[in-house]
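Below is start-v4.cif, holding mmCIF, C-alpha atoms.
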data_data
loop_
_atom_site.label_atom_id
_atom_site.label_comp_id
_atom_site.auth_asym_id
_atom_site.auth_seq_id
_atom_site.Cartn_x
_atom_site.Cartn_y
_atom_site.Cartn_z
CA MET A 1 -2.00 -18.14 9.02
CA ALA A 2 -5.10 -16.01 9.61
CA ASN A 3 -5.61 -17.63 13.04
CA ILE A 4 -2.00 -16.91 13.98
CA HIS A 5 -2.49 -13.26 13.01
CA ARG A 6 -5.68 -13.04 15.06
CA ILE A 7 -4.01 -14.45 18.18
CA ARG A 8 -1.22 -11.92 17.78
CA HIS A 9 -3.73 -9.10 17.22
CA TRP A 10 -5.63 -9.98 20.39
CA ILE A 11 -2.48 -10.21 22.51
CA MET A 12 -1.12 -6.93 21.14
CA GLY A 13 -4.44 -5.21 21.74
CA ARG A 14 -4.54 -6.28 25.38
CA ALA A 15 -0.89 -5.31 25.89
CA THR A 16 -1.39 -1.91 24.24
CA GLY A 17 -4.34 -1.20 26.50
CA MET A 18 -2.23 -1.88 29.57
CA ILE A 19 0.83 0.19 28.64
CA SER A 20 -0.68 3.02 26.61
CA ARG A 21 -1.36 6.44 28.11
CA GLU A 22 -2.86 9.75 27.13
CA PRO A 23 -0.98 13.05 27.06
CA GLU A 24 -1.85 15.77 29.53
CA LEU A 25 -4.41 17.79 27.59
CA ILE A 26 -4.16 21.59 27.47
CA LYS A 27 -6.74 23.29 25.27
CA GLY A 28 -8.41 26.57 24.46
CA CYS A 29 -7.59 29.83 22.72
CA GLY A 30 -4.08 30.99 23.61
CA SER A 31 -3.09 27.69 25.22
CA LEU A 32 0.18 27.76 23.23
CA LEU A 33 1.33 30.55 25.54
CA GLU A 34 1.07 28.29 28.58
CA ILE A 35 4.06 26.25 27.39
CA PRO A 36 6.89 28.68 28.30
CA GLY A 37 5.84 28.75 31.97
CA MET A 38 5.55 24.97 32.02
CA LEU A 39 9.04 24.60 30.56
CA ALA A 40 10.50 26.98 33.11
CA ALA A 41 8.69 25.24 35.97
CA ALA A 42 10.20 21.93 34.80
CA GLY A 43 13.68 23.44 34.94
CA HIS A 44 14.19 23.50 31.17
CA SER A 45 16.27 26.43 29.93
CA ARG A 46 16.82 25.27 26.33
CA VAL A 47 14.16 23.89 24.02
CA LEU A 48 14.08 22.70 20.42
CA VAL A 49 11.10 24.18 18.60
CA VAL A 50 10.25 22.11 15.53
CA THR A 51 8.02 23.94 13.06
CA THR A 52 7.85 25.09 9.42
CA GLN A 53 9.20 28.05 7.49
CA GLY A 54 5.63 29.06 6.71
CA PHE A 55 4.73 29.60 10.34
CA LEU A 56 7.90 31.60 10.90
CA ARG A 57 7.23 33.79 7.85
CA ARG A 58 3.66 34.54 8.94
CA GLY A 59 4.92 35.71 12.32
CA SER A 60 2.14 33.92 14.18
CA LEU A 61 4.63 32.38 16.61
CA GLU A 62 6.24 35.65 17.67
CA PRO A 63 4.15 35.95 20.87
CA PHE A 64 5.24 32.42 21.78
CA PHE A 65 8.92 33.20 21.26
CA LEU A 66 8.59 36.38 23.32
CA ALA A 67 6.93 34.39 26.11
CA LEU A 68 9.80 31.87 26.00
CA LYS A 69 12.30 34.72 26.37
CA ASP A 70 10.36 36.22 29.27
CA ALA A 71 10.34 32.78 30.96
CA GLY A 72 14.11 32.49 30.58
CA VAL A 73 13.91 29.66 28.07
CA ARG A 74 16.19 29.74 25.04
CA ALA A 75 14.60 28.50 21.80
CA ASN A 76 16.59 26.70 19.12
CA ILE A 77 14.36 26.68 16.06
CA PHE A 78 14.39 23.84 13.53
CA SER A 79 12.19 24.77 10.57
CA GLU A 80 13.58 22.56 7.80
CA VAL A 81 10.77 20.01 8.06
CA VAL A 82 9.69 18.70 4.66
CA PRO A 83 6.32 17.11 3.87
CA ASP A 84 6.52 13.40 4.71
CA PRO A 85 9.80 13.87 6.62
CA THR A 86 12.74 11.82 5.45
CA ILE A 87 15.42 10.19 7.55
CA GLU A 88 17.78 12.98 6.49
CA CYS A 89 15.32 15.59 7.78
CA VAL A 90 15.04 13.78 11.11
CA GLU A 91 18.82 13.60 11.47
CA LYS A 92 19.12 17.37 10.94
CA ALA A 93 16.66 17.91 13.77
CA VAL A 94 18.68 15.57 16.00
CA THR A 95 21.81 17.61 15.28
CA ALA A 96 19.96 20.84 16.14
CA TYR A 97 18.86 19.38 19.49
CA VAL A 98 22.28 18.00 20.44
CA MET A 99 24.33 21.01 19.33
CA GLU A 100 22.35 23.36 21.58
CA ASN A 101 22.09 20.96 24.54
CA CYS A 102 18.30 21.14 24.44
CA GLN A 103 16.24 19.56 27.21
CA ALA A 104 12.76 19.41 25.68
CA VAL A 105 10.97 19.53 22.32
CA VAL A 106 7.99 21.63 21.24
CA ALA A 107 6.50 20.51 17.92
CA ILE A 108 4.23 23.14 16.34
CA GLY A 109 2.77 22.02 13.05
CA GLY A 110 0.93 19.33 11.17
CA GLY A 111 1.64 15.64 10.93
CA SER A 112 5.00 16.04 9.22
CA VAL A 113 6.31 18.31 12.00
CA MET A 114 5.06 15.93 14.68
CA ASP A 115 6.54 12.89 12.94
CA CYS A 116 9.91 14.60 12.55
CA ALA A 117 9.97 15.77 16.18
CA LYS A 118 9.02 12.36 17.56
CA ALA A 119 11.57 10.47 15.46
CA ALA A 120 14.27 13.01 16.33
CA ALA A 121 13.52 12.69 20.04
CA ALA A 122 13.75 8.90 19.70
CA ARG A 123 17.17 9.21 18.07
CA VAL A 124 18.31 11.58 20.83
CA VAL A 125 17.64 8.96 23.51
CA GLN A 126 18.84 6.09 21.31
CA PRO A 127 21.93 7.58 19.62
CA ASP A 128 23.35 4.19 18.65
CA LYS A 129 20.15 3.00 16.94
CA GLN A 130 19.31 4.15 13.41
CA ILE A 131 15.79 5.04 12.28
CA ARG A 132 15.56 1.87 10.19
CA GLU A 133 16.21 -0.16 13.34
CA MET A 134 13.25 1.53 15.06
CA LYS A 135 10.77 0.54 12.36
CA GLY A 136 7.80 -1.42 13.68
CA LEU A 137 6.59 -2.02 17.21
CA LEU A 138 8.27 -1.18 20.51
CA LYS A 139 11.82 -0.78 19.21
CA ILE A 140 12.70 2.38 21.16
CA HIS A 141 12.07 1.36 24.79
CA THR A 142 13.35 4.64 26.25
CA LYS A 143 11.64 7.66 27.76
CA LEU A 144 11.86 10.68 25.47
CA PRO A 145 12.66 14.25 26.51
CA ASP A 146 9.54 16.20 27.46
CA LEU A 147 7.61 16.55 24.20
CA TYR A 148 4.84 19.08 23.60
CA GLY A 149 2.60 18.34 20.61
CA VAL A 150 0.92 21.48 19.25
CA PRO A 151 -1.14 20.66 16.14
CA THR A 152 -1.78 23.31 13.50
CA THR A 153 -4.13 21.03 11.57
CA ALA A 154 -7.02 18.93 12.85
CA GLY A 155 -6.23 15.60 11.29
CA THR A 156 -3.26 13.48 12.20
CA GLY A 157 -3.89 13.32 15.94
CA SER A 158 -0.12 12.93 16.29
CA GLU A 159 -0.20 14.88 19.54
CA ALA A 160 -1.92 11.82 21.04
CA THR A 161 -0.41 8.89 19.16
CA ALA A 162 2.38 6.40 19.62
CA ALA A 163 3.42 6.59 15.98
CA SER A 164 5.88 8.50 13.84
CA VAL A 165 5.80 8.01 10.07
CA VAL A 166 9.07 8.54 8.20
CA THR A 167 10.00 8.30 4.54
CA ASP A 168 12.96 6.20 3.51
CA THR A 169 14.52 5.72 0.10
CA VAL A 170 14.90 2.09 -0.93
CA ASN A 171 16.39 1.30 -4.36
CA GLY A 172 15.63 4.82 -5.51
CA ARG A 173 11.93 4.67 -4.51
CA HIS A 174 10.31 6.29 -1.51
CA TYR A 175 9.04 3.99 1.23
CA LYS A 176 6.93 5.13 4.18
CA TYR A 177 6.88 3.22 7.43
CA SER A 178 5.99 3.78 11.07
CA LEU A 179 7.91 3.78 14.30
CA ASN A 180 5.42 2.63 16.95
CA ASP A 181 6.20 2.82 20.64
CA THR A 182 4.24 4.21 23.57
CA CYS A 183 7.19 6.41 24.48
CA LEU A 184 6.41 8.42 21.31
CA ILE A 185 3.16 9.68 22.83
CA PRO A 186 3.86 13.35 23.67
CA LYS A 187 3.82 14.29 27.33
CA TYR A 188 1.53 17.23 26.56
CA ALA A 189 -1.07 17.82 23.84
CA VAL A 190 -1.77 21.52 23.37
CA LEU A 191 -4.91 22.27 21.35
CA ASP A 192 -5.00 25.96 20.45
CA PRO A 193 -7.64 26.75 17.79
CA MET A 194 -6.08 30.17 17.11
CA LEU A 195 -3.33 28.36 15.20
CA LEU A 196 -5.83 26.96 12.67
CA LEU A 197 -7.70 30.11 11.68
CA ASP A 198 -5.65 30.66 8.52
CA LEU A 199 -5.68 27.01 7.41
CA PRO A 200 -6.84 26.85 3.75
CA PRO A 201 -10.11 25.02 2.98
CA GLY A 202 -8.40 22.23 1.04
CA ILE A 203 -6.04 21.35 3.86
CA THR A 204 -8.88 21.69 6.36
CA ALA A 205 -10.86 19.09 4.39
CA GLU A 206 -8.05 16.62 3.79
CA THR A 207 -6.80 16.66 7.36
CA GLY A 208 -10.35 16.38 8.68
CA MET A 209 -10.95 13.31 6.53
CA ASP A 210 -7.68 11.90 7.86
CA ALA A 211 -9.09 12.19 11.39
CA LEU A 212 -12.32 10.52 10.25
CA THR A 213 -10.31 7.65 8.79
CA HIS A 214 -8.48 7.17 12.11
CA ALA A 215 -11.76 7.02 14.02
CA VAL A 216 -13.50 4.70 11.55
CA GLU A 217 -10.61 2.25 11.27
CA ALA A 218 -10.05 2.08 15.03
CA TYR A 219 -13.78 1.51 15.60
CA THR A 220 -14.28 -1.13 12.89
CA ASN A 221 -11.12 -3.08 13.75
CA LYS A 222 -11.41 -6.17 15.90
CA TYR A 223 -11.12 -5.98 19.70
CA PRO A 224 -11.86 -2.27 20.39
CA SER A 225 -11.92 -1.42 24.08
CA LYS A 226 -14.58 0.76 25.67
CA LEU A 227 -12.13 3.68 25.52
CA VAL A 228 -11.58 3.13 21.79
CA LYS A 229 -15.30 2.92 21.07
CA ASN A 230 -16.14 6.04 23.06
CA MET A 231 -13.31 8.11 21.60
CA ALA A 232 -14.01 6.99 18.03
CA MET A 233 -17.76 7.58 18.25
CA ASP A 234 -17.34 11.05 19.75
CA SER A 235 -14.74 11.90 17.12
CA VAL A 236 -17.06 10.85 14.27
CA LYS A 237 -19.91 12.94 15.66
CA LEU A 238 -17.67 15.98 16.09
CA ILE A 239 -16.32 15.64 12.55
CA TYR A 240 -19.73 15.32 10.92
CA ASP A 241 -21.01 18.30 12.91
CA ASN A 242 -18.00 20.58 12.47
CA LEU A 243 -15.81 19.75 9.47
CA PRO A 244 -18.23 21.26 6.92
CA LYS A 245 -18.44 24.40 9.09
CA ALA A 246 -14.64 24.73 9.35
CA PHE A 247 -14.31 24.13 5.60
CA LYS A 248 -16.86 26.84 4.82
CA ASP A 249 -15.60 29.36 7.37
CA GLY A 250 -12.02 28.98 8.52
CA LYS A 251 -12.47 31.71 11.15
CA ASN A 252 -15.16 29.70 12.97
CA ILE A 253 -13.26 29.24 16.24
CA GLU A 254 -15.82 26.88 17.76
CA ALA A 255 -15.67 24.55 14.74
CA ARG A 256 -11.87 24.68 14.76
CA GLU A 257 -11.75 23.89 18.47
CA LYS A 258 -14.12 20.95 18.10
CA MET A 259 -12.20 19.60 15.11
CA LEU A 260 -8.98 19.70 17.16
CA LEU A 261 -10.72 17.66 19.85
CA ALA A 262 -12.07 15.24 17.22
CA SER A 263 -8.59 14.73 15.81
CA TYR A 264 -7.15 14.20 19.28
CA GLU A 265 -9.82 11.64 20.21
CA ALA A 266 -9.33 9.77 16.94
CA GLY A 267 -5.61 9.71 17.70
CA VAL A 268 -6.24 8.18 21.12
CA ALA A 269 -8.58 5.63 19.52
CA PHE A 270 -6.15 4.38 16.91
CA THR A 271 -3.21 4.43 19.30
CA ASN A 272 -5.14 1.86 21.32
CA ASN A 273 -6.57 -0.19 18.43
CA TYR A 274 -4.46 0.68 15.37
CA VAL A 275 -5.54 1.64 11.87
CA GLY A 276 -6.15 -0.73 8.96
CA TYR A 277 -5.97 -1.31 5.23
CA VAL A 278 -6.91 2.26 4.34
CA HIS A 279 -3.70 3.49 5.93
CA ALA A 280 -1.62 0.55 4.71
CA VAL A 281 -2.53 1.34 1.10
CA ALA A 282 -2.43 5.13 1.58
CA HIS A 283 1.12 5.01 2.92
CA GLY A 284 2.31 3.24 -0.22
CA ILE A 285 0.42 5.55 -2.56
CA GLY A 286 1.59 8.65 -0.73
CA ALA A 287 5.21 7.54 -0.89
CA LEU A 288 5.15 6.55 -4.56
CA TYR A 289 3.16 9.44 -5.97
CA GLY A 290 3.69 12.27 -3.51
CA MET A 291 -0.01 12.44 -2.60
CA THR A 292 -0.87 13.98 0.74
CA HIS A 293 -1.80 11.44 3.39
CA GLY A 294 -5.17 12.96 4.18
CA LYS A 295 -6.22 13.06 0.53
CA ALA A 296 -5.17 9.45 -0.03
CA ASN A 297 -7.08 8.31 3.07
CA ALA A 298 -10.18 10.26 2.06
CA ILE A 299 -10.30 8.64 -1.38
CA ILE A 300 -9.53 5.10 -0.20
CA LEU A 301 -11.75 5.02 2.91
CA PRO A 302 -15.17 4.38 1.28
CA TYR A 303 -13.76 1.73 -1.07
CA VAL A 304 -12.16 -0.28 1.73
CA MET A 305 -15.25 -0.09 3.95
CA GLU A 306 -17.42 -1.15 1.01
CA GLN A 307 -15.15 -4.08 0.20
CA TYR A 308 -15.18 -5.26 3.82
CA GLY A 309 -18.88 -5.88 3.32
CA LYS A 310 -20.75 -7.76 6.04
CA SER A 311 -17.77 -7.77 8.40
CA VAL A 312 -18.30 -4.05 9.13
CA GLU A 313 -22.05 -3.64 8.61
CA LYS A 314 -22.92 -3.53 12.30
CA THR A 315 -20.08 -1.20 13.31
CA LEU A 316 -20.67 1.18 10.41
CA ALA A 317 -24.39 1.16 11.19
CA GLY A 318 -23.53 2.31 14.71
CA LEU A 319 -21.38 5.13 13.35
CA ALA A 320 -24.18 6.13 10.96
CA VAL A 321 -26.53 6.62 13.89
CA VAL A 322 -23.88 8.59 15.83
CA ALA A 323 -23.32 10.81 12.78
CA GLY A 324 -27.06 11.40 12.38
CA ILE A 325 -27.35 9.47 9.13
CA GLY A 326 -30.55 7.48 8.62
CA THR A 327 -32.99 6.55 11.35
CA GLY A 328 -33.55 3.62 13.66
CA THR A 329 -30.87 2.08 15.85
CA ALA A 330 -27.51 0.43 15.30
CA ASP A 331 -29.30 -2.92 15.63
CA GLY A 332 -31.38 -2.05 12.59
CA VAL A 333 -35.11 -2.29 12.05
CA ALA A 334 -37.20 -3.80 9.30
CA HIS A 335 -37.16 -0.68 7.16
CA ASN A 336 -33.64 0.38 8.09
CA THR A 337 -31.22 -2.51 8.49
CA ASP A 338 -27.56 -2.53 9.47
CA ALA A 339 -26.70 -3.08 5.80
CA LYS A 340 -28.68 0.00 4.74
CA LEU A 341 -27.24 2.15 7.50
CA ALA A 342 -23.70 1.02 6.67
CA ALA A 343 -24.25 1.78 3.00
CA ALA A 344 -25.65 5.20 3.92
CA PHE A 345 -22.57 5.94 6.05
CA ILE A 346 -20.22 4.96 3.21
CA GLU A 347 -22.22 7.11 0.79
CA SER A 348 -22.01 10.03 3.23
CA ILE A 349 -18.21 9.80 3.12
CA ARG A 350 -18.30 10.01 -0.67
CA MET A 351 -20.67 12.96 -0.49
CA MET A 352 -18.40 14.79 1.95
CA ASN A 353 -15.40 14.16 -0.28
CA ALA A 354 -17.31 15.56 -3.27
CA SER A 355 -18.38 18.65 -1.32
CA PHE A 356 -14.73 19.30 -0.46
CA GLY A 357 -13.50 18.80 -4.02
CA ILE A 358 -11.67 15.56 -3.20
CA PRO A 359 -11.66 13.24 -6.25
CA GLU A 360 -13.21 9.77 -6.32
CA LYS A 361 -10.21 8.08 -7.94
CA ILE A 362 -6.41 8.22 -7.80
CA GLU A 363 -5.28 9.54 -11.16
CA GLU A 364 -1.60 8.77 -10.53
CA LEU A 365 -2.18 5.08 -9.77
CA LYS A 366 -0.48 2.73 -12.24
CA GLU A 367 -1.11 -0.99 -12.65
CA GLU A 368 2.63 -1.59 -12.93
CA ASP A 369 2.95 -0.49 -9.27
CA PHE A 370 0.27 -2.82 -7.93
CA GLU A 371 2.54 -5.60 -6.72
CA LEU A 372 4.87 -3.20 -4.89
CA LEU A 373 1.90 -1.47 -3.23
CA ILE A 374 0.45 -4.84 -2.24
CA ASP A 375 3.77 -6.01 -0.80
CA ARG A 376 4.02 -2.90 1.33
CA ALA A 377 0.39 -3.00 2.48
CA ILE A 378 0.58 -6.65 3.53
CA SER A 379 3.92 -6.10 5.27
CA GLU A 380 2.53 -3.14 7.21
CA ALA A 381 -0.91 -4.43 8.08
CA ASN A 382 -1.37 -8.18 8.30
CA PHE A 383 1.10 -8.78 11.09
CA THR A 384 -0.06 -5.86 13.22
CA TYR A 385 -3.47 -4.35 12.46
CA PRO A 386 -6.60 -6.16 13.80
CA VAL A 387 -8.52 -5.46 10.59
CA PRO A 388 -12.15 -6.64 10.26
CA GLU A 389 -11.06 -9.33 7.79
CA ILE A 390 -7.61 -10.38 6.64
CA TRP A 391 -6.94 -9.84 2.96
CA GLY A 392 -4.64 -11.62 0.54
CA ARG A 393 -3.13 -10.29 -2.65
CA ALA A 394 -6.28 -10.78 -4.72
CA ASN A 395 -8.30 -8.57 -2.34
CA PHE A 396 -5.77 -5.75 -2.59
CA ARG A 397 -5.59 -6.08 -6.37
CA LYS A 398 -9.38 -5.78 -6.54
CA LEU A 399 -9.23 -2.62 -4.42
CA LEU A 400 -6.49 -1.02 -6.51
CA TYR A 401 -8.40 -1.58 -9.74
CA LYS A 402 -11.37 0.22 -8.16
CA LEU A 403 -9.14 3.15 -7.22
CA MET A 404 -7.72 3.58 -10.72
CA LYS A 405 -9.13 6.40 -12.81
#
Just give me the structure of the file as structure tokens.
Amino acid sequence: MANIHRIRHWIMGRATGMISREPELIKGCGSLLEIPGMLAAAGHSRVLVVTTQGFLRRGSLEPFFLALKDAGVRANIFSEVVPDPTIECVEKAVTAYVMENCQAVVAIGGGSVMDCAKAAAARVVQPDKQIREMKGLLKIHTKLPDLYGVPTTAGTGSEATAASVVTDTVNGRHYKYSLNDTCLIPKYAVLDPMLLLDLPPGITAETGMDALTHAVEAYTNKYPSKLVKNMAMDSVKLIYDNLPKAFKDGKNIEAREKMLLASYEAGVAFTNNYVGYVHAVAHGIGALYGMTHGKANAIILPYVMEQYGKSVEKTLAGLAVVAGIGTGTADGVAHNTDAKLAAAFIESIRMMNASFGIPEKIEELKEEDFELLIDRAISEANFTYPVPEIWGRANFRKLLYKLMK
């Protein structure tokens, strides 16, 4: 079975590399205000703006709405996005788009806003296909309306990815799964650091560790392309250099700007080489216990990398050198081997988590939920993700026991 999975992983990786694309990147302070002119130039007079009530209350989007008005573009605002958007939330956004005859979508927010906007756009172009029928790989097959991804956190990289994560309710329990299709990659990624200046330290840390998880999993997975390696390595370096600065001083525009770029690059990396068991387990834990995705990833990441053992020593050693941890080279030397560099990199993740106040264990985790979490992780990962080594139930059980408080 493992060989069958590996053949599929290799084929999917090659196919993804051929059909994937990157958004047109627009970045810098005030880049949000470039969107109205772009919409008008494209002939769009009505746009659905997907965001949150919090952003509307703070008034930080008022200059954007005024610029839309000046450009002759009417904004229909959908701000009912909930954390970990449900199918019901997505359907409300679809209704808002259709009722106002919108022609494009601007998503301004974190991962939940992006996920909702992407899934809603998919439903708009596939009105006869339900969200559950889009679960998995390449089930949409249709070009979306022009989609602008404007992140307000530096973590999910959703402005660059081919994924949308939705929450479904199955037998009374929440279940997270992904829609994955290259048509979900936004047409434009707009990285405006001014939108992150008021982001609280806790969210800054958790979303930053989410980006780190994307980069590490894409890099350590099997079959990374040169693009994946370069994007992941640059993302890791940017995160190690700038996340502590952004956590300490949220008004540090340079650190915010570099973290946005790190998140974007990690998004490109995992779009082209997928994530792994960290995400597969985190999705289940987040759905069952209501834990934020970034926090779950941050806690789980060092345990998974440690359990992979020798299968990731060389790749983690390379990331250690990129991040400035240890000395020597990725090939290792007598006094500083790949194993030692890999261990140092894993320890550095734990140290960063501790400095941010992220716990080492998952207090909510219950042994009675293990089998359900394992079912979901295997279903999500083994068929799709080119993980460094393929795990069975015993491996996941071992991991979950380690994560229990």
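Using all atoms listed in the file, the smallest distance between any of A:Leu147, A:Cys29, A:Ala320, A:Val113 and Leu197 in chain A comes from A:Cys29.
Here CA of Ala42 in chain A and CA of Gly267 in chain A stand 26.3 Å from one another.
Of the listed residues (A:Val387, A:Leu195, A:Val124, A:Ile362), A:Val387 comes nearest to Val216 in chain A; the distances count all atoms listed in the file.
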Expected selection from the PyMOL selection byres ((chain A and resi 203-212) around 8), given as JSON, numbers by chain | {"A": [153, 154, 155, 156, 157, 199, 200, 201, 202, 213, 214, 215, 216, 235, 236, 239, 243, 246, 247, 259, 262, 263, 266, 267, 293, 294, 295, 297, 298, 356, 358]}
Expand the PyMOL selection byres ((chain A and resi 322-326) around 9) into the individual residues it matches in the shown file, reporting them as a count of residues only.
-> 22
Reconstructed N, CA and C atoms for range 285-300 of chain A, given as a tab-separated table (two decimals), keeping the file's coordinate frame:
chain	number	residue	atom	x	y	z
A	285	ILE	N	0.79	4.62	-1.50
A	285	ILE	CA	0.42	5.55	-2.56
A	285	ILE	C	1.03	6.93	-2.30
A	286	GLY	N	0.99	7.36	-1.05
A	286	GLY	CA	1.59	8.65	-0.73
A	286	GLY	C	3.08	8.69	-1.01
A	287	ALA	N	3.76	7.60	-0.68
A	287	ALA	CA	5.21	7.54	-0.89
A	287	ALA	C	5.57	7.50	-2.37
A	288	LEU	N	4.82	6.71	-3.15
A	288	LEU	CA	5.15	6.55	-4.56
A	288	LEU	C	4.81	7.77	-5.40
A	289	TYR	N	3.67	8.40	-5.09
A	289	TYR	CA	3.16	9.44	-5.97
A	289	TYR	C	3.16	10.84	-5.35
A	290	GLY	N	3.62	10.96	-4.13
A	290	GLY	CA	3.69	12.27	-3.51
A	290	GLY	C	2.33	12.83	-3.14
A	291	MET	N	1.33	11.99	-2.99
A	291	MET	CA	-0.01	12.44	-2.60
A	291	MET	C	-0.06	12.67	-1.11
A	292	THR	N	-0.75	13.72	-0.68
A	292	THR	CA	-0.87	13.98	0.74
A	292	THR	C	-1.61	12.84	1.42
A	293	HIS	N	-1.24	12.59	2.66
A	293	HIS	CA	-1.80	11.44	3.39
A	293	HIS	C	-3.30	11.57	3.59
A	294	GLY	N	-3.75	12.77	3.96
A	294	GLY	CA	-5.17	12.96	4.18
A	294	GLY	C	-5.99	12.74	2.93
A	295	LYS	N	-5.51	13.24	1.81
A	295	LYS	CA	-6.22	13.06	0.53
A	295	LYS	C	-6.29	11.59	0.16
A	296	ALA	N	-5.18	10.88	0.29
A	296	ALA	CA	-5.17	9.45	-0.03
A	296	ALA	C	-6.16	8.69	0.86
A	297	ASN	N	-6.14	8.97	2.15
A	297	ASN	CA	-7.08	8.31	3.07
A	297	ASN	C	-8.53	8.60	2.69
A	298	ALA	N	-8.80	9.87	2.39
A	298	ALA	CA	-10.18	10.26	2.06
A	298	ALA	C	-10.70	9.49	0.85
A	299	ILE	N	-9.87	9.34	-0.17
A	299	ILE	CA	-10.30	8.64	-1.38
A	299	ILE	C	-10.48	7.15	-1.12
A	300	ILE	N	-9.55	6.56	-0.38
A	300	ILE	CA	-9.53	5.10	-0.20
A	300	ILE	C	-10.58	4.63	0.80
